[in-house]
>>> print(open('my_file-v4.txt').read())   # compact mmCIF, C-alpha atoms
# COMPACT_ATOMS: atom_id res chain seq x y z
CA MET D 1184 4.13 38.62 -3.10
CA GLU D 1185 0.49 37.65 -3.40
CA LYS D 1186 -0.42 34.71 -1.17
CA TYR D 1187 -1.28 32.21 -3.87
CA LYS D 1188 -3.10 29.11 -2.56
CA ILE D 1189 -1.50 25.98 -3.98
CA LEU D 1190 -2.62 22.34 -3.77
CA ALA D 1191 0.19 19.78 -4.23
CA ILE D 1192 -0.65 16.13 -4.93
CA ASN D 1193 1.87 13.27 -4.77
CA PRO D 1194 0.56 9.67 -4.88
CA GLY D 1195 2.83 6.83 -3.74
CA SER D 1196 2.47 3.08 -3.80
CA THR D 1197 0.59 2.92 -0.47
CA SER D 1198 -0.23 6.57 0.29
CA THR D 1199 -1.27 9.89 -1.20
CA LYS D 1200 0.58 12.96 0.05
CA ILE D 1201 -1.17 16.32 -0.15
CA SER D 1202 -0.01 19.76 0.90
CA VAL D 1203 -1.68 23.16 0.95
CA PHE D 1204 0.55 26.21 0.58
CA HIS D 1205 -0.27 29.89 1.06
CA GLY D 1206 2.58 31.35 -0.95
CA ASP D 1207 5.74 29.93 0.62
CA ASP D 1208 3.99 28.76 3.79
CA GLU D 1209 2.87 25.15 4.05
CA VAL D 1210 -0.34 25.41 6.09
CA TYR D 1211 -1.53 21.81 5.80
CA ARG D 1212 -0.01 18.44 4.98
CA GLU D 1213 -1.31 14.92 5.23
CA ASP D 1214 0.14 11.59 4.20
CA ILE D 1215 -3.08 9.65 3.53
CA LEU D 1216 -2.30 5.97 4.08
CA HIS D 1217 -4.14 3.37 1.99
CA ASP D 1218 -4.74 -0.24 2.93
CA HIS D 1219 -2.98 -2.43 0.37
CA ARG D 1220 -6.10 -4.61 0.22
CA ASP D 1221 -8.08 -1.61 -1.05
CA LEU D 1222 -5.48 -0.79 -3.70
CA ASN D 1223 -5.14 -4.41 -4.79
CA LYS D 1224 -8.76 -4.31 -5.98
CA PHE D 1225 -7.63 -2.15 -8.90
CA GLU D 1226 -5.91 -3.78 -11.86
CA LYS D 1227 -4.39 -0.52 -13.13
CA VAL D 1228 -3.11 2.54 -11.30
CA ILE D 1229 -5.44 4.96 -13.08
CA GLU D 1230 -8.43 2.93 -11.86
CA GLN D 1231 -7.60 4.28 -8.39
CA GLU D 1232 -8.66 7.80 -9.42
CA ASP D 1233 -12.03 7.85 -7.63
CA PHE D 1234 -10.63 6.14 -4.54
CA ARG D 1235 -7.73 8.57 -4.14
CA TYR D 1236 -9.78 11.61 -5.22
CA ASN D 1237 -12.36 10.90 -2.50
CA SER D 1238 -9.68 10.50 0.15
CA ILE D 1239 -8.14 13.86 -0.85
CA ALA D 1240 -11.52 15.64 -0.90
CA LYS D 1241 -12.38 14.23 2.53
CA SER D 1242 -9.03 15.24 4.02
CA LEU D 1243 -9.32 18.80 2.70
CA GLU D 1244 -12.94 19.11 3.85
CA ILE D 1245 -12.09 17.96 7.38
CA SER D 1246 -9.17 20.40 7.54
CA GLY D 1247 -11.36 23.30 6.39
CA HIS D 1248 -9.94 23.79 2.89
CA ASP D 1249 -12.42 24.37 0.07
CA LEU D 1250 -11.37 22.95 -3.31
CA SER D 1251 -12.69 26.10 -5.01
CA ASP D 1252 -10.19 28.35 -3.20
CA PHE D 1253 -7.00 27.15 -4.89
CA SER D 1254 -5.10 29.30 -7.39
CA ILE D 1255 -3.29 26.35 -8.97
CA ILE D 1256 -2.94 22.58 -8.64
CA MET D 1257 0.47 20.91 -9.01
CA ALA D 1258 0.75 17.13 -9.33
CA ARG D 1259 3.73 14.83 -9.41
CA GLY D 1260 4.46 13.68 -12.94
CA GLY D 1261 4.56 9.97 -13.72
CA MET D 1262 5.91 7.83 -16.54
CA LEU D 1263 5.25 9.41 -19.92
CA LYS D 1264 7.13 9.52 -23.19
CA PRO D 1265 10.59 11.08 -22.77
CA VAL D 1266 10.21 14.83 -22.12
CA ALA D 1267 12.38 17.80 -21.21
CA SER D 1268 12.38 18.98 -17.61
CA GLY D 1269 9.88 21.65 -16.65
CA ILE D 1270 6.20 22.29 -16.00
CA TYR D 1271 3.49 20.82 -18.23
CA LYS D 1272 -0.18 21.75 -18.40
CA ILE D 1273 -2.29 18.61 -18.11
CA ASN D 1274 -4.01 17.91 -21.43
CA GLU D 1275 -5.92 15.04 -23.05
CA ARG D 1276 -2.85 13.73 -24.87
CA MET D 1277 -1.04 13.40 -21.55
CA LEU D 1278 -4.01 11.67 -19.92
CA ASP D 1279 -4.28 9.24 -22.83
CA ASP D 1280 -0.62 8.29 -22.45
CA PHE D 1281 -1.03 7.76 -18.72
CA ARG D 1282 -4.22 5.78 -19.40
CA ASN D 1283 -2.30 3.50 -21.78
CA ALA D 1284 0.69 3.32 -19.38
CA ILE D 1285 2.89 4.24 -22.31
CA GLY D 1286 5.93 4.62 -20.05
CA GLY D 1287 4.92 1.91 -17.57
CA GLU D 1288 2.74 1.62 -14.48
CA HIS D 1289 3.59 3.90 -11.55
CA ALA D 1290 1.52 5.26 -8.66
CA SER D 1291 2.26 8.84 -9.72
CA ASN D 1292 0.49 8.26 -13.06
CA VAL D 1293 -2.87 8.80 -11.36
CA ALA D 1294 -1.90 12.25 -10.02
CA ALA D 1295 -2.61 14.00 -13.33
CA PHE D 1296 -6.14 12.54 -13.45
CA ILE D 1297 -6.94 13.76 -9.93
CA ALA D 1298 -5.48 17.22 -10.54
CA HIS D 1299 -7.26 17.51 -13.91
CA ARG D 1300 -10.57 16.45 -12.35
CA ILE D 1301 -10.37 19.02 -9.57
CA GLY D 1302 -9.23 21.69 -12.00
CA LYS D 1303 -12.04 20.98 -14.45
CA GLU D 1304 -14.71 20.94 -11.73
CA LYS D 1305 -13.50 24.13 -10.05
CA GLY D 1306 -11.99 26.06 -12.98
CA ILE D 1307 -8.44 25.89 -11.64
CA PRO D 1308 -5.33 25.39 -13.82
CA ALA D 1309 -3.62 22.04 -13.21
CA TYR D 1310 -0.06 20.98 -14.05
CA ILE D 1311 2.60 18.34 -13.54
CA ILE D 1312 6.27 19.13 -13.05
CA ASP D 1313 9.50 17.23 -13.77
CA PRO D 1314 7.97 13.78 -14.31
CA ILE D 1315 9.87 10.55 -13.80
CA SER D 1316 10.37 10.34 -17.57
CA VAL D 1317 12.40 13.57 -17.86
CA ASP D 1318 14.97 12.71 -20.52
CA GLU D 1319 17.63 15.23 -21.52
CA MET D 1320 20.41 12.71 -22.08
CA ILE D 1321 23.04 13.63 -24.63
CA PRO D 1322 23.21 11.29 -27.68
CA ILE D 1323 26.43 9.56 -26.64
CA ALA D 1324 24.86 8.60 -23.30
CA ARG D 1325 22.05 6.72 -25.05
CA VAL D 1326 24.28 4.16 -26.77
CA SER D 1327 24.04 0.91 -24.82
CA GLY D 1328 26.52 -1.31 -26.61
CA PHE D 1329 23.90 -3.48 -28.29
CA LYS D 1330 22.02 -2.20 -31.34
CA GLY D 1331 18.29 -2.02 -30.73
CA ILE D 1332 18.64 -1.36 -27.00
CA GLU D 1333 18.93 2.30 -25.98
CA ARG D 1334 19.74 3.65 -22.54
CA LYS D 1335 16.77 5.60 -21.20
CA SER D 1336 16.38 8.25 -18.51
CA LEU D 1337 14.06 7.44 -15.61
CA SER D 1338 14.86 9.18 -12.35
CA HIS D 1339 13.69 11.05 -9.27
CA ALA D 1340 13.73 14.15 -11.47
CA LEU D 1341 11.41 16.24 -9.27
CA ASN D 1342 13.56 16.02 -6.15
CA ILE D 1343 16.83 16.14 -8.12
CA ARG D 1344 15.81 19.39 -9.79
CA ARG D 1345 14.41 20.82 -6.55
CA VAL D 1346 17.69 20.41 -4.60
CA SER D 1347 19.56 21.79 -7.61
CA PHE D 1348 17.42 24.96 -7.57
CA LEU D 1349 17.99 25.15 -3.80
CA TRP D 1350 21.76 25.05 -4.12
CA ALA D 1351 21.81 27.44 -7.05
CA ASP D 1352 20.05 29.94 -4.76
CA LYS D 1353 22.61 29.29 -2.01
CA LEU D 1354 25.41 29.98 -4.46
CA ASN D 1355 23.63 33.13 -5.68
CA LYS D 1356 23.62 31.88 -9.24
CA SER D 1357 21.01 30.68 -11.69
CA LEU D 1358 20.78 26.96 -12.33
CA ASP D 1359 21.87 27.39 -15.94
CA GLU D 1360 25.27 28.65 -14.72
CA LEU D 1361 26.11 25.54 -12.70
CA ASN D 1362 27.08 21.88 -12.98
CA PHE D 1363 25.90 19.47 -10.28
CA ILE D 1364 26.06 15.77 -9.61
CA VAL D 1365 22.95 14.80 -7.65
CA ALA D 1366 22.47 11.43 -5.96
CA HIS D 1367 18.93 10.70 -4.75
CA LEU D 1368 19.15 7.86 -2.24
CA GLY D 1369 15.89 6.19 -1.24
CA GLY D 1370 14.13 2.88 -1.86
CA GLY D 1371 15.37 3.51 -5.39
CA ILE D 1372 18.54 5.40 -6.28
CA SER D 1373 19.14 7.90 -9.10
CA ILE D 1374 22.45 9.59 -9.88
CA ALA D 1375 22.32 12.45 -12.37
CA ALA D 1376 24.77 14.79 -14.05
CA LEU D 1377 23.20 18.24 -14.43
CA ARG D 1378 24.96 20.52 -16.88
CA LYS D 1379 23.51 24.01 -16.73
CA GLY D 1380 20.23 22.66 -15.36
CA LYS D 1381 19.82 19.78 -17.85
CA LEU D 1382 19.94 16.11 -16.79
CA ILE D 1383 22.40 15.09 -19.48
CA ASP D 1384 23.05 11.62 -18.04
CA VAL D 1385 21.28 9.48 -15.46
CA GLU D 1386 21.83 6.12 -13.83
CA SER D 1387 19.25 4.45 -11.64
CA ALA D 1388 18.82 1.29 -9.58
CA ASN D 1389 16.16 0.23 -12.11
CA SER D 1390 18.82 -0.39 -14.74
CA LEU D 1391 22.59 0.11 -14.79
CA GLY D 1392 23.06 2.10 -11.58
CA PRO D 1393 24.03 1.06 -8.05
CA PHE D 1394 21.83 -1.32 -6.13
CA SER D 1395 19.46 0.21 -3.57
CA PRO D 1396 17.53 -1.02 -0.53
CA GLU D 1397 15.05 -2.86 -2.79
CA ARG D 1398 16.38 -2.72 -6.38
CA SER D 1399 19.15 -4.77 -7.90
CA GLY D 1400 20.77 -2.16 -10.11
CA GLY D 1401 23.14 -3.29 -12.86
CA LEU D 1402 23.78 -7.05 -12.76
CA PRO D 1403 26.32 -9.26 -14.58
CA PHE D 1404 24.20 -10.48 -17.49
CA PRO D 1405 25.68 -14.03 -17.88
CA GLN D 1406 24.71 -14.89 -14.29
CA LEU D 1407 21.34 -13.18 -14.73
CA ILE D 1408 20.61 -15.29 -17.80
CA ASP D 1409 21.60 -18.41 -15.85
CA LEU D 1410 19.27 -17.37 -13.03
CA VAL D 1411 16.36 -16.95 -15.43
CA ASP D 1412 17.01 -20.33 -17.05
CA GLY D 1413 17.45 -22.07 -13.73
CA GLU D 1414 14.53 -20.57 -11.82
CA LYS D 1415 12.08 -20.31 -14.74
CA TYR D 1416 10.99 -16.77 -13.81
CA ASN D 1417 8.32 -15.29 -16.00
CA ARG D 1418 8.75 -11.73 -17.24
CA ASP D 1419 6.58 -10.03 -14.59
CA GLY D 1420 7.90 -12.21 -11.79
CA LEU D 1421 11.50 -11.40 -12.63
CA LYS D 1422 10.78 -7.67 -12.89
CA ARG D 1423 9.10 -7.72 -9.50
CA LYS D 1424 11.99 -9.69 -8.00
CA LEU D 1425 14.65 -7.30 -9.29
CA THR D 1426 12.81 -4.05 -8.49
CA ASN D 1427 11.02 -4.89 -5.22
CA GLU D 1428 13.02 -7.74 -3.69
CA GLY D 1429 16.52 -7.01 -4.93
CA GLY D 1430 19.37 -4.93 -3.55
CA VAL D 1431 19.87 -4.83 0.21
CA TYR D 1432 16.62 -6.73 0.77
CA SER D 1433 17.84 -9.74 -1.20
CA TYR D 1434 20.75 -10.11 1.22
CA LEU D 1435 19.36 -9.00 4.57
CA LYS D 1436 15.54 -9.20 4.23
CA THR D 1437 15.12 -5.55 5.22
CA LYS D 1438 14.79 -2.37 3.14
CA ASP D 1439 15.40 -0.05 6.09
CA ILE D 1440 18.96 1.28 6.25
CA ARG D 1441 18.42 2.13 9.93
CA GLU D 1442 17.84 -1.57 10.57
CA VAL D 1443 20.98 -2.42 8.60
CA GLU D 1444 23.01 -0.05 10.76
CA LYS D 1445 21.62 -1.74 13.89
CA LEU D 1446 22.70 -5.11 12.51
CA ILE D 1447 26.19 -3.71 11.92
CA GLU D 1448 26.32 -2.37 15.49
CA SER D 1449 25.46 -5.88 16.74
CA GLY D 1450 28.45 -7.28 14.86
CA ASP D 1451 26.77 -8.58 11.69
CA GLY D 1452 29.60 -8.81 9.16
CA GLU D 1453 27.36 -9.46 6.13
CA ALA D 1454 25.30 -6.35 6.88
CA LYS D 1455 28.49 -4.28 7.03
CA LEU D 1456 29.73 -5.66 3.72
CA VAL D 1457 26.41 -5.11 1.93
CA LEU D 1458 25.97 -1.52 3.13
CA GLU D 1459 29.56 -0.64 2.29
CA ALA D 1460 29.11 -2.23 -1.14
CA MET D 1461 26.04 -0.07 -1.81
CA ILE D 1462 28.01 3.03 -0.76
CA TYR D 1463 30.91 1.88 -2.95
CA GLN D 1464 28.63 1.57 -6.00
CA ILE D 1465 26.97 4.95 -5.31
CA SER D 1466 30.41 6.56 -5.11
CA LYS D 1467 31.48 4.88 -8.37
CA GLY D 1468 28.33 6.26 -9.99
CA ILE D 1469 29.19 9.77 -8.82
CA GLY D 1470 32.69 9.33 -10.21
CA GLU D 1471 31.26 8.28 -13.57
CA MET D 1472 29.11 11.42 -13.68
CA ALA D 1473 32.22 13.51 -12.93
CA THR D 1474 33.69 12.24 -16.20
CA VAL D 1475 30.45 13.17 -17.99
CA LEU D 1476 30.97 16.75 -16.76
CA LYS D 1477 34.74 16.54 -17.52
CA GLY D 1478 35.53 17.32 -13.89
CA ASN D 1479 33.74 20.67 -14.02
CA VAL D 1480 31.54 20.05 -10.98
CA ASP D 1481 30.34 22.87 -8.72
CA ARG D 1482 28.82 20.61 -6.05
CA ILE D 1483 27.94 16.99 -5.35
CA LEU D 1484 24.49 16.92 -3.73
CA ILE D 1485 23.32 13.93 -1.68
CA THR D 1486 19.56 13.78 -1.08
CA GLY D 1487 16.75 11.33 -0.32
CA GLY D 1488 15.83 9.48 2.86
CA ILE D 1489 19.12 7.56 3.16
CA ALA D 1490 21.00 10.89 3.25
CA HIS D 1491 19.86 11.13 6.89
CA SER D 1492 22.46 8.47 7.70
CA ASP D 1493 25.69 10.07 8.89
CA PHE D 1494 27.61 6.88 8.10
CA VAL D 1495 26.37 6.72 4.51
CA PHE D 1496 26.90 10.43 3.86
CA LYS D 1497 30.39 10.58 5.39
CA SER D 1498 31.45 7.43 3.56
CA ILE D 1499 30.34 8.86 0.20
CA GLU D 1500 31.99 12.18 1.04
CA ASP D 1501 35.24 10.38 1.89
CA ARG D 1502 35.30 8.70 -1.53
CA THR D 1503 34.13 11.62 -3.70
CA SER D 1504 35.16 14.94 -2.11
CA PHE D 1505 38.25 15.09 -4.33
CA ILE D 1506 35.84 15.84 -7.19
CA ALA D 1507 33.96 18.73 -5.54
CA ASP D 1508 32.47 19.78 -2.21
CA VAL D 1509 29.80 17.30 -1.09
CA GLU D 1510 26.60 18.71 0.41
CA ARG D 1511 23.68 16.97 2.07
CA VAL D 1512 19.98 17.74 1.56
CA PRO D 1513 18.41 14.83 3.50
CA GLY D 1514 14.92 13.52 2.85
CA GLU D 1515 12.77 14.12 -0.17
CA ALA D 1516 11.29 17.54 -0.76
CA GLU D 1517 8.89 16.72 -3.57
CA MET D 1518 5.99 18.64 -2.02
CA ARG D 1519 8.16 21.73 -1.73
CA GLY D 1520 9.35 21.10 -5.28
CA LEU D 1521 5.74 21.15 -6.48
CA GLN D 1522 5.10 24.41 -4.58
CA GLU D 1523 8.23 26.12 -5.85
CA GLY D 1524 7.37 25.17 -9.43
CA ALA D 1525 3.91 26.69 -8.96
CA ILE D 1526 5.42 29.93 -7.66
CA ARG D 1527 7.85 30.15 -10.60
CA LEU D 1528 4.92 29.65 -12.96
CA LEU D 1529 2.62 32.15 -11.24
CA LYS D 1530 5.39 34.78 -11.11
CA GLY D 1531 6.20 34.32 -14.78
CA GLU D 1532 9.71 33.01 -14.07
CA GLU D 1533 8.92 29.80 -15.95
CA ILE D 1534 6.56 29.10 -18.84
CA ALA D 1535 4.42 25.95 -18.89
CA LYS D 1536 5.12 23.56 -21.76
CA GLU D 1537 2.64 21.67 -23.91
CA TYR D 1538 2.85 17.89 -23.82
>>> encode(input="my_file-v4.txt", output="structure tokens")
Amino acid sequence: MEKYKILAINPGSTSTKISVFHGDDEVYREDILHDHRDLNKFEKVIEQEDFRYNSIAKSLEISGHDLSDFSIIMARGGMLKPVASGIYKINERMLDDFRNAIGGEHASNVAAFIAHRIGKEKGIPAYIIDPISVDEMIPIARVSGFKGIERKSLSHALNIRRVSFLWADKLNKSLDELNFIVAHLGGGISIAALRKGKLIDVESANSLGPFSPERSGGLPFPQLIDLVDGEKYNRDGLKRKLTNEGGVYSYLKTKDIREVEKLIESGDGEAKLVLEAMIYQISKGIGEMATVLKGNVDRILITGGIAHSDFVFKSIEDRTSFIADVERVPGEAEMRGLQEGAIRLLKGEEIAKEY
């Protein structure tokens, strides 16, 4: 196979990850850390374009990589209108929607602007793949129980799809032949039912799913209403509280599961209860997705940073292995997911979609 040179771009809340691939080989990676005081100067995420672009250009220049040498640029996709999974060529309509934060503010929204800028300057095609707003939910899964409110799909779609492709290869089958339940466990948690490669139902810690290290997940609404009335939270303050200071952090004042496990080892009973409760809710979520797939599950895949924990993985496996074999793909492999999408596109195995 020709050694295509691929640039992968993945902005996070306090860093910008970049990787350079020669075909399948990752030849350079840097996690460029940003001082929060620098980022706080910008009111909107897309206003960080110049700042992050310059840091990427400097990193590549120092490492000896010329921006003109890339065959393709792949960027993490942010929060757009609901779209099907896949690869999308960056166009003006997409940039306008990111500019207007049509799906909400997220650090990954700026990735398309950086990739588009490099691509336009150097004549290189630029794409996003499997954005956060991938929505392939079946109609019945959208009904919330209150008219006017619809369940929506927001998830770690890039990593979920990447580990699904990985396991399809291991099983010597194509993804559209298989049914998976994938649980991405990180600062946020997403649990997805994939039927023949489509994310037909999703739960996340941003809404009805299990709580995570920093997000509250689904909460009993009568008590939540009482909390709002009692504490006089404004809209933005409450959102921030539930998504950044909820979950494990609200109980133990740490978002690091390794720290929680140390507390448990020291005899902290509350830490043990909270961690086991998070595992309990994750396992319930997996069980719910098994009913979505009517029990026809080829594998349960556990991924994300928390999957490194033997205790968490074995506890989930103990509760869910009656459904299907449980496999672990620890950590997030979003950079590799960007590279593999580029290869599929360059080899003609996948066709880019128009946003």
>>> residues_around(input="my_file-v4.txt", residues="segment 1485-1494 of chain D", least_positions_apart="4", cutoff="10 Å", atoms="all atoms listed in the file", output="MDAnalysis selection string")
chainID D and resid 1339 1342:1343 1346 1364:1374 1395:1396 1439:1441 1444 1458:1459 1462 1498:1500 1509:1516
>>> residues_around(input="my_file-v4.txt", residues="Leu1476 of chain D", least_positions_apart="5", cutoff="12 Å", atoms="only C-alpha atoms", output="ChimeraX atom specification")
/D:1321,1361-1364,1375-1379,1381-1384,1469-1471,1481-1483,1506-1507
>>> write_last_selection(input="my_file-v4.txt", atoms="C-alpha atoms", output="mmCIF file, in the frame of the given file")
data_model
loop_
_atom_site.group_PDB
_atom_site.id
_atom_site.type_symbol
_atom_site.label_atom_id
_atom_site.label_comp_id
_atom_site.auth_asym_id
_atom_site.auth_seq_id
_atom_site.Cartn_x
_atom_site.Cartn_y
_atom_site.Cartn_z
ATOM 1 C CA ILE D 1321 23.040 13.630 -24.630
ATOM 2 C CA LEU D 1361 26.110 25.540 -12.700
ATOM 3 C CA ASN D 1362 27.080 21.880 -12.980
ATOM 4 C CA PHE D 1363 25.900 19.470 -10.280
ATOM 5 C CA ILE D 1364 26.060 15.770 -9.610
ATOM 6 C CA ALA D 1375 22.320 12.450 -12.370
ATOM 7 C CA ALA D 1376 24.770 14.790 -14.050
ATOM 8 C CA LEU D 1377 23.200 18.240 -14.430
ATOM 9 C CA ARG D 1378 24.960 20.520 -16.880
ATOM 10 C CA LYS D 1379 23.510 24.010 -16.730
ATOM 11 C CA LYS D 1381 19.820 19.780 -17.850
ATOM 12 C CA LEU D 1382 19.940 16.110 -16.790
ATOM 13 C CA ILE D 1383 22.400 15.090 -19.480
ATOM 14 C CA ASP D 1384 23.050 11.620 -18.040
ATOM 15 C CA ILE D 1469 29.190 9.770 -8.820
ATOM 16 C CA GLY D 1470 32.690 9.330 -10.210
ATOM 17 C CA GLU D 1471 31.260 8.280 -13.570
ATOM 18 C CA ASP D 1481 30.340 22.870 -8.720
ATOM 19 C CA ARG D 1482 28.820 20.610 -6.050
ATOM 20 C CA ILE D 1483 27.940 16.990 -5.350
ATOM 21 C CA ILE D 1506 35.840 15.840 -7.190
ATOM 22 C CA ALA D 1507 33.960 18.730 -5.540
#
>>> residues_around(input="my_file-v4.txt", residues="Val1293 of chain D", least_positions_apart="6", cutoff="7 Å", atoms="all atoms listed in the file", output="mmCIF file with C-alpha atoms, keeping the file's coordinate frame")
data_model
loop_
_atom_site.group_PDB
_atom_site.id
_atom_site.type_symbol
_atom_site.label_atom_id
_atom_site.label_comp_id
_atom_site.auth_asym_id
_atom_site.auth_seq_id
_atom_site.Cartn_x
_atom_site.Cartn_y
_atom_site.Cartn_z
ATOM 1 C CA VAL D 1228 -3.110 2.540 -11.300
ATOM 2 C CA ILE D 1229 -5.440 4.960 -13.080
ATOM 3 C CA GLU D 1232 -8.660 7.800 -9.420
#
>>> residues_around(input="my_file-v4.txt", residues="segment 1520-1526 of chain D", least_positions_apart="5", cutoff="9 Å", atoms="all atoms listed in the file", output="PyMOL selection string")
chain D and resi 1187+1189-1193+1202-1204+1206-1207+1209+1255-1259+1269-1270+1310-1312+1341-1342+1344-1346+1531-1533
>>> closest_residue(input="my_file-v4.txt", among="D:Glu1360, D:Gln1406, D:Phe1348, D:Glu1442", to="Arg1527 of chain D", atoms="all atoms listed in the file")
D:Phe1348
>>> residues_around(input="my_file-v4.txt", residues="segment 1408-1410 of chain D", least_positions_apart="5", cutoff="12 Å", atoms="all atoms listed in the file", output="list in words")
Leu1402, Pro1403, Lys1415, Tyr1416, Asn1417, Leu1421, Lys1424 and Leu1425 of chain D
>>> atom_distance(input="my_file-v4.txt", atom1="atom CA of Gly1430 of chain D", atom2="atom CA of Leu1407 of chain D")
14.0 Å
>>> atom_distance(input="my_file-v4.txt", atom1="atom CA of Phe1253 of chain D", atom2="atom CA of Ile1215 of chain D")
19.8 Å
>>> atom_distance(input="my_file-v4.txt", atom1="atom CA of Arg1212 of chain D", atom2="atom CA of Met1518 of chain D")
9.2 Å
>>> build_atoms(input="my_file-v4.txt", residues="segment 1397-1416 of chain D", atoms="N, CA and C atoms", output="PDB file, in the coordinates of the input")
ATOM      1  N   GLU D1397      15.965  -1.847  -2.273  1.00  0.00           N
ATOM      2  CA  GLU D1397      15.050  -2.860  -2.790  1.00  0.00           C
ATOM      3  C   GLU D1397      15.258  -3.194  -4.267  1.00  0.00           C
ATOM      4  N   ARG D1398      16.180  -2.509  -4.945  1.00  0.00           N
ATOM      5  CA  ARG D1398      16.380  -2.720  -6.380  1.00  0.00           C
ATOM      6  C   ARG D1398      17.793  -3.207  -6.661  1.00  0.00           C
ATOM      7  N   SER D1399      17.897  -4.056  -7.676  1.00  0.00           N
ATOM      8  CA  SER D1399      19.150  -4.770  -7.900  1.00  0.00           C
ATOM      9  C   SER D1399      20.207  -3.963  -8.641  1.00  0.00           C
ATOM     10  N   GLY D1400      19.802  -2.919  -9.351  1.00  0.00           N
ATOM     11  CA  GLY D1400      20.770  -2.160 -10.110  1.00  0.00           C
ATOM     12  C   GLY D1400      21.335  -2.969 -11.262  1.00  0.00           C
ATOM     13  N   GLY D1401      22.504  -2.558 -11.768  1.00  0.00           N
ATOM     14  CA  GLY D1401      23.140  -3.290 -12.860  1.00  0.00           C
ATOM     15  C   GLY D1401      23.667  -4.636 -12.386  1.00  0.00           C
ATOM     16  N   LEU D1402      23.360  -5.698 -13.127  1.00  0.00           N
ATOM     17  CA  LEU D1402      23.780  -7.050 -12.760  1.00  0.00           C
ATOM     18  C   LEU D1402      24.619  -7.661 -13.884  1.00  0.00           C
ATOM     19  N   PRO D1403      25.568  -8.541 -13.539  1.00  0.00           N
ATOM     20  CA  PRO D1403      26.320  -9.260 -14.580  1.00  0.00           C
ATOM     21  C   PRO D1403      25.372 -10.122 -15.410  1.00  0.00           C
ATOM     22  N   PHE D1404      25.266  -9.837 -16.719  1.00  0.00           N
ATOM     23  CA  PHE D1404      24.200 -10.480 -17.490  1.00  0.00           C
ATOM     24  C   PHE D1404      24.392 -11.997 -17.683  1.00  0.00           C
ATOM     25  N   PRO D1405      25.613 -12.562 -17.736  1.00  0.00           N
ATOM     26  CA  PRO D1405      25.680 -14.030 -17.880  1.00  0.00           C
ATOM     27  C   PRO D1405      25.041 -14.755 -16.692  1.00  0.00           C
ATOM     28  N   GLN D1406      25.317 -14.261 -15.467  1.00  0.00           N
ATOM     29  CA  GLN D1406      24.710 -14.890 -14.290  1.00  0.00           C
ATOM     30  C   GLN D1406      23.203 -14.649 -14.245  1.00  0.00           C
ATOM     31  N   LEU D1407      22.778 -13.468 -14.713  1.00  0.00           N
ATOM     32  CA  LEU D1407      21.340 -13.180 -14.730  1.00  0.00           C
ATOM     33  C   LEU D1407      20.613 -14.119 -15.693  1.00  0.00           C
ATOM     34  N   ILE D1408      21.202 -14.367 -16.844  1.00  0.00           N
ATOM     35  CA  ILE D1408      20.610 -15.290 -17.800  1.00  0.00           C
ATOM     36  C   ILE D1408      20.537 -16.701 -17.206  1.00  0.00           C
ATOM     37  N   ASP D1409      21.599 -17.096 -16.502  1.00  0.00           N
ATOM     38  CA  ASP D1409      21.600 -18.410 -15.850  1.00  0.00           C
ATOM     39  C   ASP D1409      20.504 -18.497 -14.808  1.00  0.00           C
ATOM     40  N   LEU D1410      20.313 -17.396 -14.067  1.00  0.00           N
ATOM     41  CA  LEU D1410      19.270 -17.370 -13.030  1.00  0.00           C
ATOM     42  C   LEU D1410      17.896 -17.537 -13.648  1.00  0.00           C
ATOM     43  N   VAL D1411      17.661 -16.855 -14.757  1.00  0.00           N
ATOM     44  CA  VAL D1411      16.360 -16.950 -15.430  1.00  0.00           C
ATOM     45  C   VAL D1411      16.127 -18.374 -15.931  1.00  0.00           C
ATOM     46  N   ASP D1412      17.147 -18.962 -16.533  1.00  0.00           N
ATOM     47  CA  ASP D1412      17.010 -20.330 -17.050  1.00  0.00           C
ATOM     48  C   ASP D1412      16.790 -21.326 -15.917  1.00  0.00           C
ATOM     49  N   GLY D1413      17.511 -21.112 -14.825  1.00  0.00           N
ATOM     50  CA  GLY D1413      17.450 -22.070 -13.730  1.00  0.00           C
ATOM     51  C   GLY D1413      16.168 -21.987 -12.918  1.00  0.00           C
ATOM     52  N   GLU D1414      15.677 -20.775 -12.696  1.00  0.00           N
ATOM     53  CA  GLU D1414      14.530 -20.570 -11.820  1.00  0.00           C
ATOM     54  C   GLU D1414      13.213 -20.481 -12.568  1.00  0.00           C
ATOM     55  N   LYS D1415      13.287 -20.388 -13.908  1.00  0.00           N
ATOM     56  CA  LYS D1415      12.080 -20.310 -14.740  1.00  0.00           C
ATOM     57  C   LYS D1415      11.166 -19.136 -14.324  1.00  0.00           C
ATOM     58  N   TYR D1416      11.785 -17.956 -14.104  1.00  0.00           N
ATOM     59  CA  TYR D1416      10.990 -16.770 -13.810  1.00  0.00           C
ATOM     60  C   TYR D1416      10.226 -16.345 -15.057  1.00  0.00           C
TER      61      TYR D1416
END
